[in-house]
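Notes follow once the structure below has been shown.
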Amino acid sequence: MSSFQLFRANPAFRRYWSARSVSLVGDGVATIALLLLITGSGASATGVAALLLAQAVPRFFGPVAGALPDRFEVKRLLLCAEVGQGIVFIAIALVPSNTALLVPLVALASSLSTVFNAAGRTVMPRLVDSEQLVPANAWMGTAFNLQAALGPVLGGTVAALIEPRGALLVNALTFFVGAALLLGMPRMEPSGPATGDAPGFLAGIGAGIAFTWRHRMARAIFLLLLLGIMFASLDNVVLVFLARDVLDAGSFGFGLLGTGSGAAMVLASLWLTRSTTKISAVTLLAGGWLVAGLGIALTGVAPVLAVAVATQAVMGVGNSVAMIGEETLLQKGVPPEMLGRVGGALSSAAFAGSALAYAVGGFVATALAPRTSLIIAGVGLMVVTVCCLPGLRSHDRADMAGEQTSDDDPSVGTAPSPSA
């Protein structure tokens, strides 16, 4: 079955992809509209920072959100999160635009998004066969990349035409459209044990964290996301200084660098929709991060803007491929009853890595030259990937040997580890 036949032959996948595409582009619109709304109201830099923190902090509660699809019907969770976000963004568009009112509403919307993402990570193995996971995840990656490619442009355009509040109402509408598409999907039962056999909610969260750490492959992905994204995210901090102070390219040049990486991410995910199952998930994940690290390091030595745009495109290709490999490896290597909780823990690791980068990025950019910072970021990402590779490859070895990849007994997934 080709990737396009996947759309024609699998209406549930088609509906889910369409729902996510609409909602994700709406998220991109909302990100720009929110910043325009709060800055237009005269808020200080502290108010803007508070708004960004309200978006980011709920992402750290991925392990909590990841325990929900083990206990509740997944389609209902998706619908509640989608409709809930639509209602919250209507409220954001209608209330006075001051920090005290916007911050808790934005935090609530981000919390609902975290629930959707955790439940959504359990969906793909339910909708497609194992051999179709790579192209299916690549299509989902395309939807995510369209958010980065189209969201800011549409957000700025819509906000200019009908004001930021109107753009926020457009975003709210995308959530209701997404919910309408999700209504046609089949019921998806909880993936955890029967209610009578299930541990308490907090115990289940602890079990998910313990399983993530004791499962060799999941632990390797956790460390790769935490440390790898810490290095990779330095690129986001330093790139503006490279464009402005080193390449003398100004704001337009900085925009071109972002366009290069964003367009490459879309093209890479589209390419993988046509890939064969001969490309292993481990190769995609590790190879993608190595290519991304190489692209970042080469950006640090790029002599002119055109070369820097090309090296950022290399980074974008690697980033996109790695994300698709991560999702596929997770879906193939983690038991279904643990997928939501492990996915939640990994999401938190990724956000923690980016938060660490943003916390130290300013000091790095000040203490070191932009070129040096980018070389360190790229080489660091490649070193972390190589160090985590044995753990990632444990899944392939287990497939060949027919063994568990957990360091201990698989029952670790049902109860917290005493040492956790």
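Following the order of the structure tokens, chains are lettered A, B, ..., residues in each are numbered from 1, and ligands are numbered from 1.
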A:Ile229 surroundings by only C-alpha atoms, 7 Å radius, close-in-sequence under 6 positions cut, as a list in words: Ala350, Gly353 and Ser354 of chain A
Dump as a PDB file, in the first residue's frame, selection limited to N, CA and C atoms:
```pdb
ATOM      1  N   ALA A 350      11.798  16.420  26.434  1.00  0.00           N
ATOM      2  CA  ALA A 350      12.074  17.332  25.319  1.00  0.00           C
ATOM      3  C   ALA A 350      11.902  18.788  25.748  1.00  0.00           C
ATOM      4  N   GLY A 353      14.746  19.826  28.006  1.00  0.00           N
ATOM      5  CA  GLY A 353      15.961  20.106  27.252  1.00  0.00           C
ATOM      6  C   GLY A 353      15.946  21.486  26.631  1.00  0.00           C
ATOM      7  N   SER A 354      14.817  21.861  26.019  1.00  0.00           N
ATOM      8  CA  SER A 354      14.740  23.197  25.415  1.00  0.00           C
ATOM      9  C   SER A 354      14.774  24.282  26.486  1.00  0.00           C
TER      10      SER A 354
END
```
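If you count only C-alpha atoms and ignore residues fewer than 5 places along the chain from A:Gln85, what sits within 8 Å of it is Ala109, Leu112, Ser113, Ala172 and Phe175 of chain A.
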Which one of A:Ala281, A:Ala218, A:Gly318, A:Met265 sits closest to A:Ala349 if you count only C-alpha atoms? A:Ala218
Please identify all polymer residues within 10 Å of A:Val153, counting only C-alpha atoms, omitting same-chain residues fewer than 5 positions from it, and present them as a list in words. Gly28, Val29, Ile32, Gln147, Ala148, Val158 and Ala159 of chain A
What are the DSSP alpha helix (DSSP H) residues of stretch 50-131 of chain A, as a ChimeraX atom specification? /A:50-56,62-66,74-94,99-120,124-127
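Atom pair atom CA of A:Ile296 / atom CA of A:Ile375 has a distance of 6.8 Å (rounded to one decimal).
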With only C-alpha atoms as the counted atoms, please give the residues lying no more than 7 Å from stretch 386-389 of chain A, apart from itself and same-chain residues fewer than 6 positions off, as a ChimeraX atom specification. /A:220,224,286
With C-alpha atoms retained, could you export that selection as a short mmCIF file (atom, residue, chain, number, x, y, z; two decimals), in the first residue's frame?
```cif
data_model
loop_
_atom_site.label_atom_id
_atom_site.label_comp_id
_atom_site.auth_asym_id
_atom_site.auth_seq_id
_atom_site.Cartn_x
_atom_site.Cartn_y
_atom_site.Cartn_z
CA ALA A 220 18.00 6.07 25.67
CA LEU A 224 18.68 11.77 23.84
CA ALA A 286 19.90 8.37 15.24
#
```
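Ranking A:Ser280, A:Ser347, A:Thr122, A:Ser18 by their shortest atom-to-atom distance to A:Arg393, with only C-alpha atoms included, puts A:Ser280 first.
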